[in-house]
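Undergrad: structure-v5.pdb is reproduced below (PDB, C-alpha atoms).
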```
ATOM      1  CA  MET A   1     -17.799 -20.229   0.042  1.00  0.00           C
ATOM      2  CA  ARG A   2     -16.092 -21.516  -3.083  1.00  0.00           C
ATOM      3  CA  ASN A   3     -18.057 -19.129  -5.357  1.00  0.00           C
ATOM      4  CA  ARG A   4     -17.337 -16.216  -3.045  1.00  0.00           C
ATOM      5  CA  GLY A   5     -13.593 -16.835  -3.455  1.00  0.00           C
ATOM      6  CA  ARG A   6     -13.930 -16.847  -7.257  1.00  0.00           C
ATOM      7  CA  ASN A   7     -15.968 -13.640  -7.159  1.00  0.00           C
ATOM      8  CA  LEU A   8     -13.341 -11.942  -4.983  1.00  0.00           C
ATOM      9  CA  SER A   9     -10.607 -13.095  -7.385  1.00  0.00           C
ATOM     10  CA  ALA A  10     -12.538 -11.695 -10.339  1.00  0.00           C
ATOM     11  CA  LEU A  11     -13.139  -8.441  -8.496  1.00  0.00           C
ATOM     12  CA  PHE A  12      -9.439  -8.195  -7.628  1.00  0.00           C
ATOM     13  CA  ALA A  13      -8.489  -8.820 -11.278  1.00  0.00           C
ATOM     14  CA  LEU A  14     -10.959  -6.134 -12.385  1.00  0.00           C
ATOM     15  CA  ALA A  15      -9.509  -3.696  -9.833  1.00  0.00           C
ATOM     16  CA  LEU A  16      -6.012  -4.384 -11.190  1.00  0.00           C
ATOM     17  CA  MET A  17      -7.173  -3.686 -14.757  1.00  0.00           C
ATOM     18  CA  VAL A  18      -8.843  -0.424 -13.711  1.00  0.00           C
ATOM     19  CA  ALA A  19      -5.753   0.633 -11.789  1.00  0.00           C
ATOM     20  CA  ALA A  20      -3.517  -0.264 -14.740  1.00  0.00           C
ATOM     21  CA  SER A  21      -5.634   1.713 -17.194  1.00  0.00           C
ATOM     22  CA  ALA A  22      -5.625   4.745 -14.896  1.00  0.00           C
ATOM     23  CA  THR A  23      -1.875   4.457 -14.379  1.00  0.00           C
ATOM     24  CA  LEU A  24      -1.259   4.245 -18.106  1.00  0.00           C
ATOM     25  CA  GLY A  25      -3.089   7.546 -18.508  1.00  0.00           C
ATOM     26  CA  PHE A  26      -6.133   6.573 -20.542  1.00  0.00           C
ATOM     27  CA  GLY A  27      -8.832   9.208 -20.313  1.00  0.00           C
ATOM     28  CA  ALA A  28      -8.559  12.744 -18.954  1.00  0.00           C
ATOM     29  CA  ASP A  29      -6.379  15.337 -20.610  1.00  0.00           C
ATOM     30  CA  ALA A  30      -4.094  17.595 -18.618  1.00  0.00           C
ATOM     31  CA  VAL A  31      -6.258  18.732 -15.710  1.00  0.00           C
ATOM     32  CA  GLN A  32      -4.728  20.405 -12.669  1.00  0.00           C
ATOM     33  CA  CYS A  33      -5.662  17.946  -9.965  1.00  0.00           C
ATOM     34  CA  ASN A  34      -3.173  18.432  -7.181  1.00  0.00           C
ATOM     35  CA  GLU A  35      -4.428  21.264  -5.017  1.00  0.00           C
ATOM     36  CA  ALA A  36      -2.134  23.398  -2.890  1.00  0.00           C
ATOM     37  CA  ARG A  37      -1.117  21.668   0.319  1.00  0.00           C
ATOM     38  CA  PRO A  38      -1.506  23.372   3.668  1.00  0.00           C
ATOM     39  CA  PRO A  39       1.851  25.150   4.164  1.00  0.00           C
ATOM     40  CA  THR A  40       2.582  23.969   7.736  1.00  0.00           C
ATOM     41  CA  PRO A  41       1.770  20.943   9.899  1.00  0.00           C
ATOM     42  CA  ALA A  42      -0.455  23.192  12.033  1.00  0.00           C
ATOM     43  CA  ASP A  43      -2.375  24.215   8.899  1.00  0.00           C
ATOM     44  CA  ALA A  44      -2.677  20.537   7.928  1.00  0.00           C
ATOM     45  CA  VAL A  45      -4.177  19.693  11.321  1.00  0.00           C
ATOM     46  CA  LYS A  46      -6.585  22.641  10.989  1.00  0.00           C
ATOM     47  CA  ALA A  47      -7.627  21.401   7.520  1.00  0.00           C
ATOM     48  CA  LEU A  48      -8.346  17.945   9.001  1.00  0.00           C
ATOM     49  CA  ILE A  49     -10.356  19.424  11.881  1.00  0.00           C
ATOM     50  CA  ASP A  50     -12.340  21.698   9.533  1.00  0.00           C
ATOM     51  CA  GLY A  51     -13.050  18.772   7.203  1.00  0.00           C
ATOM     52  CA  ASN A  52     -14.196  16.623  10.101  1.00  0.00           C
ATOM     53  CA  GLU A  53     -16.524  19.368  11.289  1.00  0.00           C
ATOM     54  CA  ARG A  54     -18.059  19.584   7.783  1.00  0.00           C
ATOM     55  CA  TRP A  55     -18.478  15.798   7.644  1.00  0.00           C
ATOM     56  CA  ALA A  56     -19.922  15.571  11.174  1.00  0.00           C
ATOM     57  CA  SER A  57     -22.444  18.318  10.407  1.00  0.00           C
ATOM     58  CA  GLY A  58     -23.550  16.542   7.224  1.00  0.00           C
ATOM     59  CA  LYS A  59     -22.171  19.284   4.973  1.00  0.00           C
ATOM     60  CA  PRO A  60     -19.155  17.848   3.153  1.00  0.00           C
ATOM     61  CA  ARG A  61     -17.983  19.951   0.227  1.00  0.00           C
ATOM     62  CA  HIS A  62     -14.930  18.262  -1.186  1.00  0.00           C
ATOM     63  CA  SER A  63     -15.329  17.523  -4.867  1.00  0.00           C
ATOM     64  CA  GLY A  64     -12.063  15.624  -5.272  1.00  0.00           C
ATOM     65  CA  ARG A  65     -13.672  12.203  -5.525  1.00  0.00           C
ATOM     66  CA  ASP A  66     -15.065  12.348  -9.036  1.00  0.00           C
ATOM     67  CA  PHE A  67     -13.864  10.411 -12.070  1.00  0.00           C
ATOM     68  CA  ALA A  68     -11.764  13.287 -13.445  1.00  0.00           C
ATOM     69  CA  ARG A  69      -9.910  13.676 -10.140  1.00  0.00           C
ATOM     70  CA  ARG A  70      -9.233   9.940  -9.879  1.00  0.00           C
ATOM     71  CA  GLU A  71      -7.874   9.839 -13.408  1.00  0.00           C
ATOM     72  CA  CYS A  72      -5.778  12.937 -12.904  1.00  0.00           C
ATOM     73  CA  VAL A  73      -4.194  11.760  -9.651  1.00  0.00           C
ATOM     74  CA  ALA A  74      -3.440   8.411 -11.276  1.00  0.00           C
ATOM     75  CA  LYS A  75      -1.659  10.230 -14.098  1.00  0.00           C
ATOM     76  CA  GLU A  76      -0.055  13.162 -12.230  1.00  0.00           C
ATOM     77  CA  GLY A  77       0.720  11.398  -8.937  1.00  0.00           C
ATOM     78  CA  GLN A  78      -0.396  11.868  -5.380  1.00  0.00           C
ATOM     79  CA  THR A  79       0.463  14.833  -3.167  1.00  0.00           C
ATOM     80  CA  PRO A  80      -0.998  14.000   0.235  1.00  0.00           C
ATOM     81  CA  PHE A  81      -0.729  16.711   2.871  1.00  0.00           C
ATOM     82  CA  ALA A  82      -1.122  14.309   5.813  1.00  0.00           C
ATOM     83  CA  ALA A  83      -0.663  10.642   6.624  1.00  0.00           C
ATOM     84  CA  ILE A  84      -3.287   8.923   8.738  1.00  0.00           C
ATOM     85  CA  LEU A  85      -2.767   5.755  10.763  1.00  0.00           C
ATOM     86  CA  ALA A  86      -6.336   4.545  11.097  1.00  0.00           C
ATOM     87  CA  CYS A  87      -8.150   1.453  12.223  1.00  0.00           C
ATOM     88  CA  ALA A  88      -9.245  -0.943   9.489  1.00  0.00           C
ATOM     89  CA  ASP A  89     -12.827  -0.681  10.807  1.00  0.00           C
ATOM     90  CA  SER A  90     -15.119   0.023   7.845  1.00  0.00           C
ATOM     91  CA  ARG A  91     -17.019   2.666   9.826  1.00  0.00           C
ATOM     92  CA  VAL A  92     -14.078   5.110   9.913  1.00  0.00           C
ATOM     93  CA  PRO A  93     -12.882   5.909   6.361  1.00  0.00           C
ATOM     94  CA  PRO A  94     -10.421   8.826   6.767  1.00  0.00           C
ATOM     95  CA  GLU A  95     -11.061  10.452   3.386  1.00  0.00           C
ATOM     96  CA  LEU A  96     -14.738  10.802   4.284  1.00  0.00           C
ATOM     97  CA  LEU A  97     -14.231  11.666   7.966  1.00  0.00           C
ATOM     98  CA  PHE A  98     -11.952  14.554   7.000  1.00  0.00           C
ATOM     99  CA  ASP A  99     -13.854  15.552   3.835  1.00  0.00           C
ATOM    100  CA  GLU A 100     -10.817  15.089   1.595  1.00  0.00           C
ATOM    101  CA  GLY A 101     -10.424  13.810  -1.930  1.00  0.00           C
ATOM    102  CA  VAL A 102      -8.403  11.216  -3.766  1.00  0.00           C
ATOM    103  CA  GLY A 103      -4.680  11.862  -3.340  1.00  0.00           C
ATOM    104  CA  ASP A 104      -5.039  14.235  -0.356  1.00  0.00           C
ATOM    105  CA  LEU A 105      -4.316  11.742   2.441  1.00  0.00           C
ATOM    106  CA  PHE A 106      -1.854   8.854   2.689  1.00  0.00           C
ATOM    107  CA  VAL A 107      -3.753   6.287   4.747  1.00  0.00           C
ATOM    108  CA  VAL A 108      -2.409   3.220   6.544  1.00  0.00           C
ATOM    109  CA  ARG A 109      -5.231   1.127   8.014  1.00  0.00           C
ATOM    110  CA  VAL A 110      -4.633  -1.631  10.533  1.00  0.00           C
ATOM    111  CA  ALA A 111      -7.065  -3.032  13.081  1.00  0.00           C
ATOM    112  CA  GLY A 112      -6.579  -1.226  16.372  1.00  0.00           C
ATOM    113  CA  ASN A 113      -4.003   1.192  14.900  1.00  0.00           C
ATOM    114  CA  SER A 114      -1.409  -1.420  15.884  1.00  0.00           C
ATOM    115  CA  VAL A 115       1.335  -0.572  13.458  1.00  0.00           C
ATOM    116  CA  ASP A 116       3.847  -3.278  12.580  1.00  0.00           C
ATOM    117  CA  LYS A 117       7.129  -2.825  10.682  1.00  0.00           C
ATOM    118  CA  LEU A 118       5.370  -2.623   7.297  1.00  0.00           C
ATOM    119  CA  GLY A 119       2.947   0.037   8.565  1.00  0.00           C
ATOM    120  CA  GLU A 120       5.830   1.984  10.087  1.00  0.00           C
ATOM    121  CA  GLN A 121       7.762   1.833   6.817  1.00  0.00           C
ATOM    122  CA  SER A 122       4.662   2.957   4.906  1.00  0.00           C
ATOM    123  CA  LEU A 123       4.389   6.041   7.110  1.00  0.00           C
ATOM    124  CA  GLU A 124       8.121   6.692   6.666  1.00  0.00           C
ATOM    125  CA  TYR A 125       7.616   6.466   2.899  1.00  0.00           C
ATOM    126  CA  SER A 126       4.926   9.138   3.062  1.00  0.00           C
ATOM    127  CA  ALA A 127       7.337  11.488   4.810  1.00  0.00           C
ATOM    128  CA  GLU A 128      10.481  10.703   2.828  1.00  0.00           C
ATOM    129  CA  HIS A 129       9.050  10.364  -0.683  1.00  0.00           C
ATOM    130  CA  LEU A 130       5.760  12.265  -0.659  1.00  0.00           C
ATOM    131  CA  GLY A 131       6.770  15.163   1.594  1.00  0.00           C
ATOM    132  CA  VAL A 132       4.151  14.519   4.273  1.00  0.00           C
ATOM    133  CA  GLU A 133       4.936  16.465   7.450  1.00  0.00           C
ATOM    134  CA  THR A 134       1.831  15.589   9.474  1.00  0.00           C
ATOM    135  CA  ILE A 135       0.969  12.097  10.726  1.00  0.00           C
ATOM    136  CA  LEU A 136      -2.281  11.613  12.624  1.00  0.00           C
ATOM    137  CA  VAL A 137      -3.222   8.478  14.561  1.00  0.00           C
ATOM    138  CA  LEU A 138      -6.991   8.100  14.306  1.00  0.00           C
ATOM    139  CA  GLY A 139      -8.724   6.124  17.025  1.00  0.00           C
ATOM    140  CA  HIS A 140     -12.444   5.510  17.293  1.00  0.00           C
ATOM    141  CA  GLN A 141     -15.097   4.337  19.728  1.00  0.00           C
ATOM    142  CA  LYS A 142     -16.133   0.701  20.099  1.00  0.00           C
ATOM    143  CA  CYS A 143     -12.983  -0.659  18.450  1.00  0.00           C
ATOM    144  CA  GLY A 144     -13.162  -4.466  18.349  1.00  0.00           C
ATOM    145  CA  ALA A 145      -9.363  -4.765  18.305  1.00  0.00           C
ATOM    146  CA  VAL A 146      -9.006  -2.758  21.489  1.00  0.00           C
ATOM    147  CA  LYS A 147     -11.858  -4.713  23.086  1.00  0.00           C
ATOM    148  CA  ALA A 148      -9.947  -7.910  22.260  1.00  0.00           C
ATOM    149  CA  ALA A 149      -6.788  -6.494  23.827  1.00  0.00           C
ATOM    150  CA  VAL A 150      -8.545  -5.701  27.092  1.00  0.00           C
ATOM    151  CA  GLY A 151     -10.299  -9.068  27.159  1.00  0.00           C
ATOM    152  CA  THR A 152     -13.883  -8.069  26.380  1.00  0.00           C
ATOM    153  CA  TYR A 153     -13.866  -9.491  22.850  1.00  0.00           C
ATOM    154  CA  PRO A 154     -12.464 -13.006  22.376  1.00  0.00           C
ATOM    155  CA  GLY A 155     -10.495 -14.445  19.505  1.00  0.00           C
ATOM    156  CA  ALA A 156      -7.599 -12.078  18.755  1.00  0.00           C
ATOM    157  CA  ALA A 157      -4.266 -13.520  17.645  1.00  0.00           C
ATOM    158  CA  PRO A 158      -1.396 -13.197  20.158  1.00  0.00           C
ATOM    159  CA  GLU A 159       0.799 -11.291  17.672  1.00  0.00           C
ATOM    160  CA  PHE A 160      -1.930  -8.725  17.166  1.00  0.00           C
ATOM    161  CA  LEU A 161      -2.466  -8.283  20.899  1.00  0.00           C
ATOM    162  CA  ALA A 162       1.286  -7.860  21.453  1.00  0.00           C
ATOM    163  CA  LEU A 163       1.255  -4.852  19.125  1.00  0.00           C
ATOM    164  CA  ILE A 164      -1.587  -3.205  21.038  1.00  0.00           C
ATOM    165  CA  TYR A 165      -0.010  -4.019  24.424  1.00  0.00           C
ATOM    166  CA  GLY A 166       3.273  -2.533  23.189  1.00  0.00           C
ATOM    167  CA  ALA A 167       1.517   0.699  22.205  1.00  0.00           C
ATOM    168  CA  LEU A 168      -0.247   0.818  25.578  1.00  0.00           C
ATOM    169  CA  ALA A 169       3.050   0.385  27.442  1.00  0.00           C
ATOM    170  CA  LYS A 170       4.654   3.145  25.365  1.00  0.00           C
ATOM    171  CA  ALA A 171       1.711   5.489  26.018  1.00  0.00           C
ATOM    172  CA  LYS A 172       1.965   4.881  29.762  1.00  0.00           C
ATOM    173  CA  GLU A 173       5.712   5.579  29.599  1.00  0.00           C
ATOM    174  CA  VAL A 174       5.100   8.887  27.810  1.00  0.00           C
ATOM    175  CA  ILE A 175       2.406   9.863  30.306  1.00  0.00           C
ATOM    176  CA  ARG A 176       4.714   9.060  33.258  1.00  0.00           C
ATOM    177  CA  GLY A 177       7.444  11.187  31.627  1.00  0.00           C
ATOM    178  CA  HIS A 178       5.079  14.160  31.575  1.00  0.00           C
ATOM    179  CA  GLY A 179       4.147  13.914  35.248  1.00  0.00           C
ATOM    180  CA  GLY A 180       0.966  11.891  34.666  1.00  0.00           C
TER     181      GLY A 180
END
```
Could you write out this structure as structure tokens?
TA:
Amino acid sequence: MRNRGRNLSALFALALMVAASATLGFGADAVQCNEARPPTPADAVKALIDGNERWASGKPRHSGRDFARRECVAKEGQTPFAAILACADSRVPPELLFDEGVGDLFVVRVAGNSVDKLGEQSLEYSAEHLGVETILVLGHQKCGAVKAAVGTYPGAAPEFLALIYGALAKAKEVIRGHGG
């Protein structure tokens, strides 16, 4: 375990150096990297659905994940057209699920989509500072966090469960308000 910790520290340091070099603009010349955003929230949702259909059919086409795009977005800045609140589960990476590239989505990932104050403020940042008008909450099947909340998967922390229970109570309240 001790070596694993050192390896993770070295990897983290390497990631910081790579991020710093990209932020300082080493590499690509002026390349137009920020594509046009969908003009309305409805168009943004359609773009997400279309991307998911391409991904699900095994025919992704987005090329915005290459080295030039990463460098360009690091230099020019991000222009996400949607924010995604997604589970931290490694099986559901939003950029892949929606066939989008680097800088296209502003993603907040928390186990069970149980957003705390920091997650909420991150989503607010995407709207206030990045111009995001569409926020999607992405759930998935066989979520361990949700299983823990309903008692079929032991070991969840009480604070974590409180967030999920709070979301469940709010959902039930909304459903009751709509005649459900």
Undergrad: I want to know what sits within 8 Å of region 121-132 of chain A, based on all atoms listed in the file, with residues of the same chain fewer than 5 positions away left out; could you give that as JSON, numbers by chain?
TA: {"A": [78, 79, 80, 81, 82, 83, 106, 108]}
Undergrad: Tell me which of A:Ala68, A:Val146, A:Glu133, A:Lys117 sits closest to Pro38 (chain A), counting all atoms listed in the file.
TA: A:Glu133
Undergrad: Residue by residue, what does the PyMOL selection byres ((chain A and resi 99-103) around 9) grab here? Present the result as a CSV table (one decimal) with C-alpha atoms, in the coordinates of the input.
TA:
```csv
chain,number,residue,atom,x,y,z
A,34,ASN,CA,-3.2,18.4,-7.2
A,48,LEU,CA,-8.3,17.9,9.0
A,50,ASP,CA,-12.3,21.7,9.5
A,51,GLY,CA,-13.0,18.8,7.2
A,52,ASN,CA,-14.2,16.6,10.1
A,53,GLU,CA,-16.5,19.4,11.3
A,54,ARG,CA,-18.1,19.6,7.8
A,55,TRP,CA,-18.5,15.8,7.6
A,60,PRO,CA,-19.2,17.8,3.2
A,61,ARG,CA,-18.0,20.0,0.2
A,62,HIS,CA,-14.9,18.3,-1.2
A,63,SER,CA,-15.3,17.5,-4.9
A,64,GLY,CA,-12.1,15.6,-5.3
A,65,ARG,CA,-13.7,12.2,-5.5
A,66,ASP,CA,-15.1,12.3,-9.0
A,69,ARG,CA,-9.9,13.7,-10.1
A,70,ARG,CA,-9.2,9.9,-9.9
A,73,VAL,CA,-4.2,11.8,-9.7
A,74,ALA,CA,-3.4,8.4,-11.3
A,77,GLY,CA,0.7,11.4,-8.9
A,78,GLN,CA,-0.4,11.9,-5.4
A,79,THR,CA,0.5,14.8,-3.2
A,80,PRO,CA,-1.0,14.0,0.2
A,81,PHE,CA,-0.7,16.7,2.9
A,94,PRO,CA,-10.4,8.8,6.8
A,95,GLU,CA,-11.1,10.5,3.4
A,96,LEU,CA,-14.7,10.8,4.3
A,97,LEU,CA,-14.2,11.7,8.0
A,98,PHE,CA,-12.0,14.6,7.0
A,104,ASP,CA,-5.0,14.2,-0.4
A,105,LEU,CA,-4.3,11.7,2.4
A,106,PHE,CA,-1.9,8.9,2.7
```
Undergrad: My list of candidates is A:Val110, A:Val92, A:Leu161, A:Ala171. Which is closest to Gln141 (chain A) when distances are computed with all atoms listed in the file?
TA: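 Smallest distance to Gln141 (chain A) is found for A:Val92.
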Undergrad: Which residues match the PyMOL selection byres ((chain A and resi 109) around 10) in the file above, as a ChimeraX atom specification?
TA: /A:84-90,92-94,106-108,110-115,119,138
Undergrad: Based on the selection just made, write C-alpha atoms of those residues as a compact mmCIF listing (two decimals), keeping the file's coordinate frame.
TA:
```txt
# COMPACT_ATOMS: atom_id res chain seq x y z
CA ILE A 84 -3.29 8.92 8.74
CA LEU A 85 -2.77 5.76 10.76
CA ALA A 86 -6.34 4.54 11.10
CA CYS A 87 -8.15 1.45 12.22
CA ALA A 88 -9.24 -0.94 9.49
CA ASP A 89 -12.83 -0.68 10.81
CA SER A 90 -15.12 0.02 7.84
CA VAL A 92 -14.08 5.11 9.91
CA PRO A 93 -12.88 5.91 6.36
CA PRO A 94 -10.42 8.83 6.77
CA PHE A 106 -1.85 8.85 2.69
CA VAL A 107 -3.75 6.29 4.75
CA VAL A 108 -2.41 3.22 6.54
CA VAL A 110 -4.63 -1.63 10.53
CA ALA A 111 -7.06 -3.03 13.08
CA GLY A 112 -6.58 -1.23 16.37
CA ASN A 113 -4.00 1.19 14.90
CA SER A 114 -1.41 -1.42 15.88
CA VAL A 115 1.34 -0.57 13.46
CA GLY A 119 2.95 0.04 8.56
CA LEU A 138 -6.99 8.10 14.31
```
Undergrad: Do you have the CA of Ile135 (chain A)-CA of Pro39 (chain A) distance handy?
TA: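 We find that CA of Ile135 (chain A) and CA of Pro39 (chain A) lie 14.6 Å from each other.
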Undergrad: Selecting N, CA and C atoms, how would region 35-63 of chain A from this structure be written as a PDB file, in the first residue's frame?
TA:
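Written out: selection33.pdb:
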```
ATOM      1  N   GLU A  35     -15.985  25.017 -30.854  1.00  0.00           N
ATOM      2  CA  GLU A  35     -17.028  24.913 -31.865  1.00  0.00           C
ATOM      3  C   GLU A  35     -18.250  25.712 -31.442  1.00  0.00           C
ATOM      4  N   ALA A  36     -19.121  25.987 -32.385  1.00  0.00           N
ATOM      5  CA  ALA A  36     -20.363  26.695 -32.094  1.00  0.00           C
ATOM      6  C   ALA A  36     -21.206  25.875 -31.127  1.00  0.00           C
ATOM      7  N   ARG A  37     -21.761  26.545 -30.133  1.00  0.00           N
ATOM      8  CA  ARG A  37     -22.631  25.894 -29.172  1.00  0.00           C
ATOM      9  C   ARG A  37     -24.029  25.762 -29.761  1.00  0.00           C
ATOM     10  N   PRO A  38     -24.773  24.765 -29.327  1.00  0.00           N
ATOM     11  CA  PRO A  38     -26.181  24.720 -29.717  1.00  0.00           C
ATOM     12  C   PRO A  38     -26.857  26.017 -29.230  1.00  0.00           C
ATOM     13  N   PRO A  39     -27.682  26.646 -30.069  1.00  0.00           N
ATOM     14  CA  PRO A  39     -28.206  27.972 -29.737  1.00  0.00           C
ATOM     15  C   PRO A  39     -29.236  28.023 -28.607  1.00  0.00           C
ATOM     16  N   THR A  40     -29.936  26.923 -28.336  1.00  0.00           N
ATOM     17  CA  THR A  40     -30.960  26.927 -27.285  1.00  0.00           C
ATOM     18  C   THR A  40     -30.776  25.720 -26.376  1.00  0.00           C
ATOM     19  N   PRO A  41     -31.357  25.764 -25.175  1.00  0.00           N
ATOM     20  CA  PRO A  41     -31.310  24.565 -24.321  1.00  0.00           C
ATOM     21  C   PRO A  41     -31.928  23.344 -24.997  1.00  0.00           C
ATOM     22  N   ALA A  42     -32.991  23.528 -25.761  1.00  0.00           N
ATOM     23  CA  ALA A  42     -33.599  22.384 -26.459  1.00  0.00           C
ATOM     24  C   ALA A  42     -32.622  21.790 -27.470  1.00  0.00           C
ATOM     25  N   ASP A  43     -31.871  22.662 -28.165  1.00  0.00           N
ATOM     26  CA  ASP A  43     -30.866  22.168 -29.111  1.00  0.00           C
ATOM     27  C   ASP A  43     -29.733  21.456 -28.376  1.00  0.00           C
ATOM     28  N   ALA A  44     -29.388  21.937 -27.183  1.00  0.00           N
ATOM     29  CA  ALA A  44     -28.343  21.286 -26.388  1.00  0.00           C
ATOM     30  C   ALA A  44     -28.779  19.881 -25.986  1.00  0.00           C
ATOM     31  N   VAL A  45     -30.029  19.755 -25.549  1.00  0.00           N
ATOM     32  CA  VAL A  45     -30.545  18.429 -25.177  1.00  0.00           C
ATOM     33  C   VAL A  45     -30.549  17.510 -26.394  1.00  0.00           C
ATOM     34  N   LYS A  46     -30.962  18.029 -27.545  1.00  0.00           N
ATOM     35  CA  LYS A  46     -30.960  17.223 -28.779  1.00  0.00           C
ATOM     36  C   LYS A  46     -29.533  16.771 -29.120  1.00  0.00           C
ATOM     37  N   ALA A  47     -28.555  17.671 -28.971  1.00  0.00           N
ATOM     38  CA  ALA A  47     -27.161  17.304 -29.245  1.00  0.00           C
ATOM     39  C   ALA A  47     -26.700  16.182 -28.317  1.00  0.00           C
ATOM     40  N   LEU A  48     -27.115  16.227 -27.040  1.00  0.00           N
ATOM     41  CA  LEU A  48     -26.756  15.170 -26.093  1.00  0.00           C
ATOM     42  C   LEU A  48     -27.416  13.849 -26.478  1.00  0.00           C
ATOM     43  N   ILE A  49     -28.689  13.906 -26.840  1.00  0.00           N
ATOM     44  CA  ILE A  49     -29.406  12.685 -27.245  1.00  0.00           C
ATOM     45  C   ILE A  49     -28.772  12.090 -28.504  1.00  0.00           C
ATOM     46  N   ASP A  50     -28.500  12.938 -29.499  1.00  0.00           N
ATOM     47  CA  ASP A  50     -27.885  12.448 -30.744  1.00  0.00           C
ATOM     48  C   ASP A  50     -26.524  11.823 -30.465  1.00  0.00           C
ATOM     49  N   GLY A  51     -25.729  12.474 -29.610  1.00  0.00           N
ATOM     50  CA  GLY A  51     -24.414  11.930 -29.266  1.00  0.00           C
ATOM     51  C   GLY A  51     -24.526  10.606 -28.554  1.00  0.00           C
ATOM     52  N   ASN A  52     -25.516  10.484 -27.655  1.00  0.00           N
ATOM     53  CA  ASN A  52     -25.704   9.226 -26.952  1.00  0.00           C
ATOM     54  C   ASN A  52     -26.130   8.127 -27.907  1.00  0.00           C
ATOM     55  N   GLU A  53     -26.958   8.453 -28.868  1.00  0.00           N
ATOM     56  CA  GLU A  53     -27.365   7.451 -29.861  1.00  0.00           C
ATOM     57  C   GLU A  53     -26.161   6.974 -30.680  1.00  0.00           C
ATOM     58  N   ARG A  54     -25.265   7.911 -31.045  1.00  0.00           N
ATOM     59  CA  ARG A  54     -24.051   7.502 -31.786  1.00  0.00           C
ATOM     60  C   ARG A  54     -23.201   6.592 -30.921  1.00  0.00           C
ATOM     61  N   TRP A  55     -23.000   6.959 -29.651  1.00  0.00           N
ATOM     62  CA  TRP A  55     -22.173   6.167 -28.749  1.00  0.00           C
ATOM     63  C   TRP A  55     -22.788   4.788 -28.543  1.00  0.00           C
ATOM     64  N   ALA A  56     -24.106   4.746 -28.276  1.00  0.00           N
ATOM     65  CA  ALA A  56     -24.777   3.473 -28.001  1.00  0.00           C
ATOM     66  C   ALA A  56     -24.738   2.541 -29.208  1.00  0.00           C
ATOM     67  N   SER A  57     -24.732   3.113 -30.408  1.00  0.00           N
ATOM     68  CA  SER A  57     -24.700   2.280 -31.616  1.00  0.00           C
ATOM     69  C   SER A  57     -23.273   1.914 -32.023  1.00  0.00           C
ATOM     70  N   GLY A  58     -22.289   2.372 -31.245  1.00  0.00           N
ATOM     71  CA  GLY A  58     -20.898   2.050 -31.556  1.00  0.00           C
ATOM     72  C   GLY A  58     -20.331   2.870 -32.696  1.00  0.00           C
ATOM     73  N   LYS A  59     -20.937   4.038 -32.961  1.00  0.00           N
ATOM     74  CA  LYS A  59     -20.485   4.872 -34.078  1.00  0.00           C
ATOM     75  C   LYS A  59     -20.195   6.307 -33.642  1.00  0.00           C
ATOM     76  N   PRO A  60     -19.343   6.476 -32.618  1.00  0.00           N
ATOM     77  CA  PRO A  60     -19.017   7.848 -32.220  1.00  0.00           C
ATOM     78  C   PRO A  60     -18.237   8.550 -33.331  1.00  0.00           C
ATOM     79  N   ARG A  61     -18.385   9.855 -33.418  1.00  0.00           N
ATOM     80  CA  ARG A  61     -17.690  10.573 -34.493  1.00  0.00           C
ATOM     81  C   ARG A  61     -16.944  11.802 -34.013  1.00  0.00           C
ATOM     82  N   HIS A  62     -17.079  12.120 -32.738  1.00  0.00           N
ATOM     83  CA  HIS A  62     -16.472  13.359 -32.272  1.00  0.00           C
ATOM     84  C   HIS A  62     -14.956  13.265 -32.282  1.00  0.00           C
ATOM     85  N   SER A  63     -14.327  14.242 -32.883  1.00  0.00           N
ATOM     86  CA  SER A  63     -12.865  14.224 -32.978  1.00  0.00           C
ATOM     87  C   SER A  63     -12.217  15.150 -31.959  1.00  0.00           C
TER      88      SER A  63
END
```
